[in-house]
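Just work_28.tsv here, TSV, C-alpha atoms and all ligand atoms:
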chain	number	residue	atom	x	y	z
A	19	MET	CA	-30.09	33.96	-125.93
A	20	THR	CA	-30.36	30.32	-127.02
A	21	ALA	CA	-33.76	29.20	-128.31
A	22	GLN	CA	-35.39	26.48	-126.25
A	23	VAL	CA	-35.67	23.22	-128.16
A	24	VAL	CA	-39.01	21.44	-127.96
A	25	ASP	CA	-38.51	17.67	-127.72
A	26	LEU	CA	-41.84	15.86	-127.88
A	27	GLU	CA	-40.15	12.48	-127.59
A	28	PHE	CA	-38.84	13.62	-124.20
A	29	SER	CA	-42.32	14.76	-123.16
A	30	ARG	CA	-43.79	11.37	-124.11
A	31	ALA	CA	-41.03	9.58	-122.19
A	32	VAL	CA	-41.77	11.59	-119.01
A	33	ALA	CA	-45.50	10.99	-119.37
A	34	GLY	CA	-44.91	7.26	-119.92
A	35	GLY	CA	-43.06	7.00	-116.62
A	36	ALA	CA	-45.58	9.16	-114.77
A	37	ASN	CA	-48.89	7.46	-115.45
A	38	GLY	CA	-49.49	9.95	-118.24
A	39	ASN	CA	-50.90	12.67	-116.02
A	40	ILE	CA	-48.61	15.58	-116.88
A	41	PHE	CA	-50.99	16.99	-119.48
A	42	SER	CA	-53.78	17.99	-117.11
A	43	CYS	CA	-51.56	20.58	-115.36
A	44	TYR	CA	-52.92	24.07	-116.06
A	45	GLN	CA	-49.91	25.93	-114.63
A	46	CYS	CA	-51.58	27.55	-111.63
A	47	GLY	CA	-48.34	27.46	-109.60
A	48	THR	CA	-49.96	26.26	-106.36
A	49	CYS	CA	-47.41	23.45	-106.15
A	50	THR	CA	-44.47	25.85	-106.27
A	51	ALA	CA	-46.10	28.10	-103.70
A	52	VAL	CA	-46.53	25.32	-101.10
A	53	CYS	CA	-43.25	23.45	-101.64
A	54	PRO	CA	-41.22	23.62	-98.41
A	55	LEU	CA	-38.02	22.99	-100.35
A	56	ASN	CA	-38.55	25.71	-102.96
A	57	VAL	CA	-38.61	23.27	-105.85
A	58	PRO	CA	-39.82	25.13	-108.99
A	59	VAL	CA	-42.52	22.53	-109.58
A	60	ARG	CA	-44.64	24.56	-112.00
A	61	SER	CA	-41.66	25.11	-114.34
A	62	ILE	CA	-40.71	21.45	-114.11
A	63	MET	CA	-44.27	20.50	-115.06
A	64	ARG	CA	-44.20	22.97	-117.97
A	65	GLY	CA	-40.91	21.58	-119.24
A	66	ALA	CA	-42.29	18.04	-119.04
A	67	GLN	CA	-45.55	18.97	-120.77
A	68	VAL	CA	-44.10	20.78	-123.75
A	69	GLY	CA	-40.80	18.94	-123.97
A	70	ILE	CA	-38.30	21.58	-122.84
A	71	ARG	CA	-35.56	19.61	-121.13
A	72	GLU	CA	-33.78	22.59	-119.57
A	73	LEU	CA	-36.91	23.45	-117.64
A	74	ALA	CA	-37.63	19.91	-116.51
A	75	VAL	CA	-34.23	18.37	-115.83
A	76	SER	CA	-32.03	20.29	-113.42
A	77	GLU	CA	-30.48	20.00	-109.96
A	78	ALA	CA	-33.80	21.16	-108.50
A	79	LEU	CA	-35.20	17.68	-109.18
A	80	TRP	CA	-32.93	16.32	-106.48
A	81	GLN	CA	-34.04	18.86	-103.86
A	82	CYS	CA	-37.51	17.31	-103.87
A	83	ALA	CA	-38.15	15.31	-100.70
A	84	THR	CA	-41.09	13.56	-102.42
A	85	CYS	CA	-43.25	14.72	-99.52
A	86	ARG	CA	-46.46	15.06	-101.59
A	87	GLN	CA	-47.37	18.39	-100.00
A	88	CYS	CA	-47.76	19.79	-103.52
A	89	GLU	CA	-50.01	16.89	-104.51
A	90	VAL	CA	-52.37	17.56	-101.62
A	91	ALA	CA	-52.66	21.17	-102.81
A	92	CYS	CA	-52.83	20.58	-106.59
A	93	PRO	CA	-56.34	21.44	-107.83
A	94	ARG	CA	-55.95	18.97	-110.72
A	95	GLY	CA	-54.99	16.06	-108.46
A	96	ILE	CA	-51.79	15.42	-110.39
A	97	GLY	CA	-49.34	12.77	-109.15
A	98	ILE	CA	-46.47	15.25	-109.11
A	99	THR	CA	-44.04	12.88	-107.39
A	100	ASP	CA	-44.60	10.38	-110.22
A	101	VAL	CA	-43.49	13.09	-112.66
A	102	ILE	CA	-40.44	13.89	-110.50
A	103	HIS	CA	-39.65	10.17	-110.34
A	104	SER	CA	-39.92	9.79	-114.10
A	105	LEU	CA	-37.64	12.80	-114.64
A	106	ARG	CA	-35.13	11.49	-112.13
A	107	GLY	CA	-34.96	8.20	-114.04
A	108	ILE	CA	-34.15	10.15	-117.22
A	109	SER	CA	-31.61	12.28	-115.35
A	110	TYR	CA	-29.99	9.17	-113.86
A	111	GLY	CA	-29.77	7.67	-117.36
A	112	GLU	CA	-27.74	10.76	-118.35
A	113	ARG	CA	-25.54	10.33	-115.23
A	114	LYS	CA	-26.79	13.60	-113.74
A	115	VAL	CA	-27.15	12.62	-110.09
A	116	PRO	CA	-25.78	14.50	-107.04
A	117	ALA	CA	-22.45	12.96	-105.99
A	118	LYS	CA	-23.63	12.14	-102.46
A	119	LEU	CA	-26.67	10.30	-103.72
A	120	GLU	CA	-24.55	8.38	-106.19
A	121	SER	CA	-22.22	7.40	-103.33
A	122	ALA	CA	-25.23	6.12	-101.39
A	123	LEU	CA	-26.19	4.05	-104.42
A	124	TRP	CA	-22.69	2.55	-104.57
A	125	ARG	CA	-22.89	1.64	-100.89
A	126	VAL	CA	-26.09	-0.27	-101.60
A	127	TYR	CA	-24.31	-2.13	-104.43
A	128	GLU	CA	-21.30	-2.96	-102.29
A	129	GLU	CA	-22.53	-3.20	-98.70
A	130	GLY	CA	-26.31	-3.49	-99.05
A	131	THR	CA	-26.86	-0.17	-97.25
A	132	ALA	CA	-27.33	3.44	-98.33
A	133	TRP	CA	-26.28	4.58	-94.83
A	134	GLU	CA	-22.57	4.36	-93.91
A	135	GLY	CA	-21.79	0.85	-92.67
A	136	LYS	CA	-20.50	-2.63	-93.46
A	137	LYS	CA	-22.79	-5.53	-94.23
A	138	SER	CA	-20.92	-7.71	-91.69
A	139	GLU	CA	-21.85	-5.19	-88.95
A	140	ARG	CA	-25.49	-4.70	-89.83
A	141	GLY	CA	-26.84	-6.89	-87.03
A	142	ARG	CA	-24.68	-5.40	-84.25
A	143	TRP	CA	-27.49	-3.19	-82.97
A	144	ALA	CA	-29.09	-6.35	-81.49
A	145	GLU	CA	-26.04	-7.59	-79.55
A	146	GLY	CA	-27.00	-8.45	-75.99
A	147	LEU	CA	-30.73	-8.32	-76.72
A	148	ASN	CA	-33.15	-11.21	-76.64
A	149	VAL	CA	-33.83	-11.37	-80.40
A	150	LYS	CA	-34.27	-14.26	-82.82
A	151	VAL	CA	-32.01	-13.68	-85.83
A	152	GLY	CA	-32.87	-15.33	-89.13
A	153	LYS	CA	-35.13	-17.92	-87.47
A	154	PRO	CA	-38.79	-18.66	-88.28
A	155	ALA	CA	-41.21	-16.39	-86.42
A	156	LYS	CA	-44.75	-15.08	-86.61
A	157	HIS	CA	-43.63	-11.50	-87.35
A	158	LEU	CA	-40.57	-10.12	-89.14
A	159	LEU	CA	-39.19	-6.85	-87.79
A	160	TYR	CA	-37.48	-5.01	-90.64
A	161	LEU	CA	-35.16	-2.12	-89.72
A	162	ASP	CA	-33.72	-0.77	-93.00
A	163	ASP	CA	-30.41	1.06	-93.18
A	164	ALA	CA	-30.62	4.10	-90.90
A	165	ALA	CA	-31.98	2.26	-87.84
A	166	SER	CA	-29.47	-0.57	-88.37
A	167	PHE	CA	-26.36	1.61	-88.43
A	168	ASP	CA	-26.94	5.01	-86.84
A	169	PRO	CA	-26.33	4.79	-83.04
A	170	ARG	CA	-29.08	7.33	-82.31
A	171	LEU	CA	-31.59	5.51	-84.49
A	172	GLN	CA	-30.66	2.03	-83.27
A	173	ARG	CA	-32.43	3.07	-80.07
A	174	ILE	CA	-35.74	3.00	-81.96
A	175	ALA	CA	-35.23	-0.62	-83.02
A	176	GLN	CA	-34.02	-1.55	-79.53
A	177	SER	CA	-37.15	0.07	-78.09
A	178	LEU	CA	-39.37	-2.06	-80.31
A	179	VAL	CA	-37.50	-5.17	-79.18
A	180	ARG	CA	-38.17	-4.16	-75.59
A	181	ILE	CA	-41.89	-3.65	-76.28
A	182	PHE	CA	-42.23	-6.93	-78.16
A	183	ASN	CA	-40.40	-8.91	-75.49
A	184	ALA	CA	-42.43	-7.33	-72.70
A	185	THR	CA	-45.68	-8.20	-74.46
A	186	GLY	CA	-44.79	-11.69	-75.70
A	187	VAL	CA	-44.68	-10.96	-79.45
A	188	ASP	CA	-43.05	-13.77	-81.48
A	189	PHE	CA	-40.76	-11.94	-83.89
A	190	ALA	CA	-37.43	-12.27	-85.69
A	191	VAL	CA	-35.00	-9.96	-87.48
A	192	LEU	CA	-32.71	-10.73	-90.41
A	193	GLY	CA	-29.50	-9.42	-88.77
A	194	ASP	CA	-26.54	-9.30	-91.16
A	195	LYS	CA	-28.72	-10.90	-93.84
A	196	GLU	CA	-30.98	-7.84	-93.97
A	197	LYS	CA	-30.38	-5.58	-96.99
A	198	SER	CA	-31.50	-2.08	-97.84
A	199	SER	CA	-35.16	-1.82	-98.82
A	200	GLY	CA	-33.92	0.05	-101.88
A	201	ASP	CA	-35.95	3.17	-101.18
A	202	GLU	CA	-33.01	5.37	-102.20
A	203	VAL	CA	-32.36	3.17	-105.25
A	204	TYR	CA	-35.98	3.77	-106.26
A	205	GLN	CA	-35.69	7.50	-105.59
A	206	ILE	CA	-32.64	7.71	-107.87
A	207	GLY	CA	-34.51	5.87	-110.60
A	208	GLU	CA	-32.18	2.85	-110.86
A	209	GLU	CA	-35.01	0.43	-111.55
A	210	GLY	CA	-32.78	-2.40	-112.86
A	211	PHE	CA	-30.87	-2.69	-109.61
A	212	LEU	CA	-34.03	-2.18	-107.58
A	213	GLU	CA	-35.51	-5.31	-109.16
A	214	GLU	CA	-32.42	-7.33	-108.20
A	215	LEU	CA	-32.49	-5.99	-104.63
A	216	ALA	CA	-36.23	-6.46	-104.17
A	217	THR	CA	-36.09	-10.04	-105.49
A	218	SER	CA	-33.29	-10.86	-103.07
A	219	ASN	CA	-35.16	-9.26	-100.13
A	220	ILE	CA	-38.37	-11.09	-100.94
A	221	GLU	CA	-36.41	-14.39	-100.83
A	222	SER	CA	-34.93	-13.47	-97.41
A	223	PHE	CA	-38.41	-12.64	-96.09
A	224	LYS	CA	-39.66	-16.08	-97.17
A	225	GLY	CA	-36.94	-17.68	-95.03
A	226	ILE	CA	-38.60	-16.29	-91.87
A	227	GLY	CA	-42.04	-17.47	-92.95
A	228	ALA	CA	-43.66	-14.59	-91.07
A	229	GLU	CA	-47.32	-13.78	-91.51
A	230	ASP	CA	-46.49	-10.08	-91.76
A	231	ILE	CA	-43.60	-7.62	-91.92
A	232	ILE	CA	-43.37	-4.81	-89.37
A	233	THR	CA	-41.23	-1.89	-90.47
A	234	VAL	CA	-39.40	0.61	-88.28
A	235	SER	CA	-39.36	3.20	-91.06
A	236	PRO	CA	-42.30	4.55	-93.08
A	237	HIS	CA	-39.92	4.73	-96.07
A	238	SER	CA	-39.32	0.98	-96.22
A	239	ASN	CA	-43.02	0.53	-95.60
A	240	GLY	CA	-43.77	2.68	-98.66
A	241	VAL	CA	-41.39	0.93	-101.05
A	242	PHE	CA	-42.50	-2.54	-99.89
A	243	ARG	CA	-46.17	-1.67	-100.24
A	244	ASP	CA	-46.14	0.44	-103.40
A	245	VAL	CA	-43.18	-0.85	-105.45
A	246	TYR	CA	-42.23	-4.43	-104.41
A	247	PRO	CA	-45.45	-6.05	-105.72
A	248	ARG	CA	-44.00	-5.47	-109.22
A	249	TYR	CA	-41.25	-7.97	-108.38
A	250	GLY	CA	-42.93	-10.65	-106.30
A	251	SER	CA	-45.38	-11.27	-103.50
A	252	LEU	CA	-44.68	-10.56	-99.88
A	253	PRO	CA	-46.79	-10.80	-96.73
A	254	PRO	CA	-48.81	-7.80	-95.53
A	255	VAL	CA	-46.59	-4.91	-94.44
A	256	PHE	CA	-47.36	-2.73	-91.43
A	257	HIS	CA	-45.62	0.20	-89.90
A	258	TYR	CA	-44.95	-0.52	-86.24
A	259	THR	CA	-47.45	2.13	-85.11
A	260	GLU	CA	-50.20	0.22	-86.91
A	261	PHE	CA	-49.08	-3.02	-85.27
A	262	LEU	CA	-48.89	-1.54	-81.76
A	263	SER	CA	-52.22	0.19	-82.25
A	264	GLY	CA	-53.75	-3.23	-83.03
A	265	MET	CA	-52.22	-4.55	-79.81
A	266	LEU	CA	-53.89	-1.71	-77.91
A	267	ASP	CA	-57.24	-2.69	-79.43
A	268	HIS	CA	-56.81	-6.25	-78.19
A	269	GLY	CA	-55.69	-5.22	-74.72
A	270	LEU	CA	-52.20	-6.61	-75.31
A	271	LEU	CA	-50.44	-3.31	-74.70
A	272	LYS	CA	-51.12	-1.16	-71.67
A	273	PRO	CA	-48.57	1.60	-71.21
A	274	LYS	CA	-47.96	2.83	-67.68
A	275	LYS	CA	-48.14	6.45	-66.63
A	276	ALA	CA	-45.77	8.76	-68.47
A	277	ASN	CA	-42.63	9.99	-66.81
A	278	GLY	CA	-43.24	13.66	-66.16
A	279	GLY	CA	-46.55	13.13	-64.41
A	280	ASP	CA	-49.99	14.36	-65.38
A	281	GLY	CA	-50.36	16.72	-68.28
A	282	LEU	CA	-47.12	15.91	-70.10
A	283	ALA	CA	-47.57	17.97	-73.28
A	284	VAL	CA	-46.69	15.98	-76.40
A	285	THR	CA	-47.21	16.98	-80.01
A	286	TYR	CA	-47.09	14.56	-82.91
A	287	HIS	CA	-45.45	15.12	-86.29
A	288	ASP	CA	-46.93	13.08	-89.17
A	289	PRO	CA	-44.07	11.64	-91.26
A	290	CYS	CA	-44.86	12.12	-94.97
A	291	TYR	CA	-44.48	8.44	-95.86
A	292	LEU	CA	-46.69	7.33	-92.98
A	293	GLY	CA	-49.37	9.99	-93.45
A	294	ARG	CA	-49.68	11.28	-97.01
A	295	TYR	CA	-48.41	8.00	-98.51
A	296	GLY	CA	-49.74	5.39	-96.09
A	297	GLY	CA	-52.85	7.19	-94.83
A	298	VAL	CA	-51.81	6.36	-91.23
A	299	TYR	CA	-52.80	9.37	-89.13
A	300	GLU	CA	-54.81	8.10	-86.18
A	301	GLU	CA	-52.85	5.05	-84.99
A	302	PRO	CA	-49.80	7.03	-83.76
A	303	ARG	CA	-52.11	9.49	-81.99
A	304	LYS	CA	-54.02	6.62	-80.42
A	305	LEU	CA	-50.77	5.20	-79.06
A	306	LEU	CA	-49.79	8.52	-77.52
A	307	GLU	CA	-53.24	9.08	-76.06
A	308	SER	CA	-53.18	5.60	-74.50
A	309	ILE	CA	-50.38	6.74	-72.19
A	310	PRO	CA	-51.78	7.93	-68.86
A	311	GLY	CA	-50.56	11.45	-68.14
A	312	VAL	CA	-49.96	12.46	-71.78
A	313	LYS	CA	-51.79	15.49	-73.13
A	314	LEU	CA	-51.66	15.51	-76.93
A	315	SER	CA	-51.53	18.90	-78.61
A	316	GLU	CA	-51.65	19.48	-82.37
A	317	MET	CA	-49.44	21.73	-84.44
A	318	ASP	CA	-51.23	24.11	-86.81
A	319	ASP	CA	-50.18	21.99	-89.81
A	320	ASN	CA	-51.12	18.42	-89.10
A	321	ARG	CA	-52.20	15.19	-90.79
A	322	SER	CA	-52.28	15.66	-94.60
A	323	ASN	CA	-51.03	19.26	-94.21
A	324	ALA	CA	-48.03	18.37	-92.03
A	325	LEU	CA	-44.81	20.09	-93.00
A	326	CYS	CA	-42.11	17.76	-94.32
A	327	CYS	CA	-38.83	17.23	-92.38
A	328	GLY	CA	-36.89	17.22	-95.67
A	329	GLY	CA	-35.50	13.68	-95.31
A	330	GLY	CA	-37.44	11.76	-97.96
A	331	GLY	CA	-36.71	11.21	-101.64
A	332	GLY	CA	-32.97	10.89	-100.92
A	333	GLY	CA	-33.01	14.18	-99.00
A	334	MET	CA	-30.96	12.65	-96.15
A	335	TYR	CA	-28.07	12.36	-98.60
A	336	VAL	CA	-28.36	15.68	-100.45
A	337	GLU	CA	-27.22	19.05	-99.10
A	338	SER	CA	-30.05	21.58	-98.93
A	339	GLU	CA	-29.44	25.29	-98.83
A	340	GLY	CA	-31.09	27.98	-96.71
A	341	ALA	CA	-33.73	27.48	-94.04
A	342	ARG	CA	-34.64	23.84	-93.67
A	343	PRO	CA	-38.24	22.69	-93.29
A	344	SER	CA	-37.20	20.69	-90.19
A	345	HIS	CA	-36.27	23.95	-88.46
A	346	MET	CA	-39.67	25.46	-89.27
A	347	ARG	CA	-41.40	22.31	-88.10
A	348	VAL	CA	-39.59	22.34	-84.74
A	349	SER	CA	-40.67	25.96	-84.30
A	350	GLN	CA	-44.28	24.88	-84.89
A	351	ALA	CA	-43.87	22.14	-82.27
A	352	VAL	CA	-42.52	24.66	-79.77
A	353	GLU	CA	-45.45	27.00	-80.51
A	354	SER	CA	-47.88	24.16	-79.73
A	355	GLY	CA	-46.62	24.30	-76.14
A	356	ALA	CA	-45.29	20.73	-76.19
A	357	ALA	CA	-42.38	19.53	-74.10
A	358	VAL	CA	-41.96	16.47	-76.33
A	359	MET	CA	-42.09	16.32	-80.12
A	360	ALA	CA	-43.05	12.77	-81.02
A	361	THR	CA	-42.74	11.22	-84.45
A	362	ALA	CA	-42.52	7.77	-86.00
A	363	CYS	CA	-39.73	7.90	-88.57
A	364	PRO	CA	-35.94	7.64	-88.16
A	365	PHE	CA	-35.27	10.44	-90.67
A	366	CYS	CA	-37.66	12.79	-88.88
A	367	VAL	CA	-35.95	12.08	-85.53
A	368	LEU	CA	-32.50	13.03	-86.85
A	369	ASN	CA	-33.74	16.09	-88.71
A	370	PHE	CA	-35.78	17.43	-85.79
A	371	GLU	CA	-33.01	16.88	-83.25
A	372	ASP	CA	-30.78	18.88	-85.55
A	373	GLY	CA	-33.57	21.45	-85.97
A	374	ALA	CA	-34.05	21.79	-82.19
A	375	LYS	CA	-30.33	22.54	-81.76
A	376	THR	CA	-30.43	25.09	-84.58
A	377	VAL	CA	-33.43	26.98	-83.24
A	378	GLY	CA	-32.06	26.73	-79.68
A	379	SER	CA	-35.02	24.79	-78.28
A	380	SER	CA	-34.91	22.30	-75.41
A	381	ILE	CA	-37.90	20.38	-76.80
A	382	LYS	CA	-37.27	16.63	-76.63
A	383	VAL	CA	-37.56	14.76	-79.93
A	384	ARG	CA	-38.62	11.14	-79.50
A	385	ASP	CA	-39.82	8.32	-81.68
A	386	ILE	CA	-43.11	6.89	-80.37
A	387	ALA	CA	-41.40	3.49	-79.93
A	388	GLU	CA	-38.94	5.08	-77.51
A	389	ILE	CA	-41.73	6.69	-75.51
A	390	VAL	CA	-43.78	3.50	-75.26
A	391	ALA	CA	-40.77	1.27	-74.49
A	392	GLY	CA	-40.10	3.18	-71.28
A	393	LEU	CA	-43.66	2.49	-70.13
A	394	VAL	CA	-44.15	-1.23	-70.69
A	395	GLY	CA	-43.67	-3.44	-67.68
A	396	ASN	CA	-43.15	-7.15	-67.23
A	397	GLY	CA	-45.70	-9.59	-68.55
A	398	GLY	CA	-48.11	-7.95	-70.91
A	399	GLY	CA	-47.43	-4.27	-70.95
B	401	LIG	S1	-50.62	22.73	-108.65
B	401	LIG	FE1	-51.10	21.12	-110.16
B	401	LIG	S2	-52.14	22.20	-111.85
B	401	LIG	FE2	-51.13	23.80	-110.59
B	401	LIG	S3	-49.09	24.08	-111.59
B	401	LIG	FE3	-48.82	22.55	-110.01
B	401	LIG	S4	-49.10	20.56	-111.04
B	401	LIG	FE4	-49.96	22.15	-112.37
B	402	LIG	S1	-43.10	16.55	-103.21
B	402	LIG	FE1	-42.68	18.04	-101.56
B	402	LIG	S2	-40.54	18.65	-101.85
B	402	LIG	FE2	-41.22	17.65	-103.76
B	402	LIG	S3	-41.93	19.30	-105.07
B	402	LIG	FE3	-43.73	18.54	-103.98
B	402	LIG	S4	-43.89	19.86	-102.13
B	402	LIG	FE4	-41.82	20.14	-102.99
For the file at hand, write its structure as structure tokens.
Amino acid sequence: MTAQVVDLEFSRAVAGGANGNIFSCYQCGTCTAVCPLNVPVRSIMRGAQVGIRELAVSEALWQCATCRQCEVACPRGIGITDVIHSLRGISYGERKVPAKLESALWRVYEEGTAWEGKKSERGRWAEGLNVKVGKPAKHLLYLDDAASFDPRLQRIAQSLVRIFNATGVDFAVLGDKEKSSGDEVYQIGEEGFLEELATSNIESFKGIGAEDIITVSPHSNGVFRDVYPRYGSLPPVFHYTEFLSGMLDHGLLKPKKANGGDGLAVTYHDPCYLGRYGGVYEEPRKLLESIPGVKLSEMDDNRSNALCCGGGGGGMYVESEGARPSHMRVSQAVESGAAVMATACPFCVLNFEDGAKTVGSSIKVRDIAEIVAGLVGNGGG
């Protein structure tokens, strides 16, 4: 058996990239117990603390969906995802990155998107719609990669266009000039390229002159809010559920009665980057409850305890083995008695639709934008 080498320089490097908080871990193992992706978090923390690379740097790092479920449970309040991020940066520096994630990174270099697609086709989702592209507007609608290129997810962006047009919102999109937010670049730990990408995006945003940025995805929302300020200033960033919730407050959005009549049972899944990262729990629920005929039911795990879909942290690009958390989450939605599983994140939509097929459920998976878009009429909702 080979002796484990203690490398204190390594330990200091991890701590330096993780706000220093690795040393308060007292190895209780709660994080490992709650992780829906079976990441051996306690061992990783131990390896980072005492400088044992083999414990801290392994393929398991890349299974982490950065969902923060472990952080909510950690009795020491440790920023575990900061530690994972720091370790990923070290791992990337040693060229130890899953091949599919590295391919996604190359696509961002070459085509400006982590999702499959060509930069010249990025704006196609808006063909035939009444949308200002690259022109000055009060609000900038930012799609990011998945909603720009995936035909299923384009429907979310198209739904928002429908809502905005029906309610007289002055907005623009960047079309082919939009580039990846760089969330995956950040998750891989390629900070040099992230700076280049963020600087370029911030310049594009200035061209619209919008007073705020409305994101389709909680993931772009997170990287704009938490990481971009290192590279430049940008206007306030809102997830679209926050924006629409504000419209409700001002009487600018009045959804009509839900298709399906009275008592349509809907449950809401909190996306990790909207809830645990952004603290946005009530606005999506308020939107659903504003729809006449909708009866909102909660799953057992909700708000800060919501189970992750597995799509964050680069998880959409990495194969995971065994039972997926999205399958378990769909089962929870079915148990809640809902006919519709609503969420507010493109990754969640894809993962739960896949999960519903796998568990053989007929539950409908819908983004809140899609639900609301079908219920706004002409002239002011
Ligand atoms: S839950 Fe917190 S204190 Fe316990 S092992 Fe995990 S990181 Fe350490
Ligand atoms: S952030 Fe989520 S996926 Fe990652 S280790 Fe913590 S609980 Fe597991």
**OP:** Just the residues within 10 Å of Gly47 in chain A, please, counting all atoms listed in the file, with nothing from its chain fewer than 2 positions along; format it as number ranges by chain.
**Re:** A: 43-45, 49-52, 58-61, 63, 88, 92
Take every atom of range 226-244 of chain A listed in the file, fit an axis-aligned box around them, add 5 Å per side, and give the centre and edge lengths in Å to one decimal as lines of an AutoDock Vina configuration file.
center_x = -43.0
center_y = -6.4
center_z = -95.8
size_x = 18.7
size_y = 32.2
size_z = 25.1
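CA of Ala324 in chain A is found 20.9 Å from CA of Lys375 in chain A.
The interatomic distance for the pair CA of Val336 in chain A and CA of Ser198 in chain A works out to 18.2 Å.
CA of Leu159 in chain A lies 16.1 Å from CA of Ile386 in chain A.
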Subject >> Within 10 Å of ligand LIG 402 (chain B), counting all atoms listed in the file, residues as an MDAnalysis selection string >> reply: chainID A and resid 48:60 62 78:92 97:102 290 325:331 333 343
Using only C-alpha atoms, which residues of range 291-395 of chain A come within 12 Å of range 227-238 of chain A, and what is the closest atom pair for each, with the distance in Å to one decimal? Give it as CSV, sorted by chain and residue number.
residue,atom,partner,partner_atom,distance
A:Tyr291,CA,A:Pro236,CA,5.3
A:Leu292,CA,A:Pro236,CA,5.2
A:Gly293,CA,A:Pro236,CA,8.9
A:Arg294,CA,A:Pro236,CA,10.7
A:Tyr295,CA,A:Pro236,CA,8.9
A:Gly296,CA,A:Pro236,CA,8.1
A:Gly297,CA,A:Pro236,CA,11.0
A:Val298,CA,A:Pro236,CA,9.9
A:Gly329,CA,A:His237,CA,10.0
A:Gly330,CA,A:His237,CA,7.7
A:Gly331,CA,A:His237,CA,9.1
A:Gly332,CA,A:His237,CA,10.5
A:Met334,CA,A:His237,CA,12.0
A:Thr361,CA,A:Pro236,CA,10.9
A:Ala362,CA,A:Ser235,CA,7.5
A:Cys363,CA,A:Ser235,CA,5.3
A:Pro364,CA,A:Ser235,CA,6.3
A:Phe365,CA,A:Ser235,CA,8.3
A:Cys366,CA,A:Ser235,CA,10.0
A:Val367,CA,A:Ser235,CA,11.0
A:Asp385,CA,A:Val234,CA,10.2
A:Ile386,CA,A:Val234,CA,10.8
A:Ala387,CA,A:Val234,CA,9.1
A:Glu388,CA,A:Val234,CA,11.7
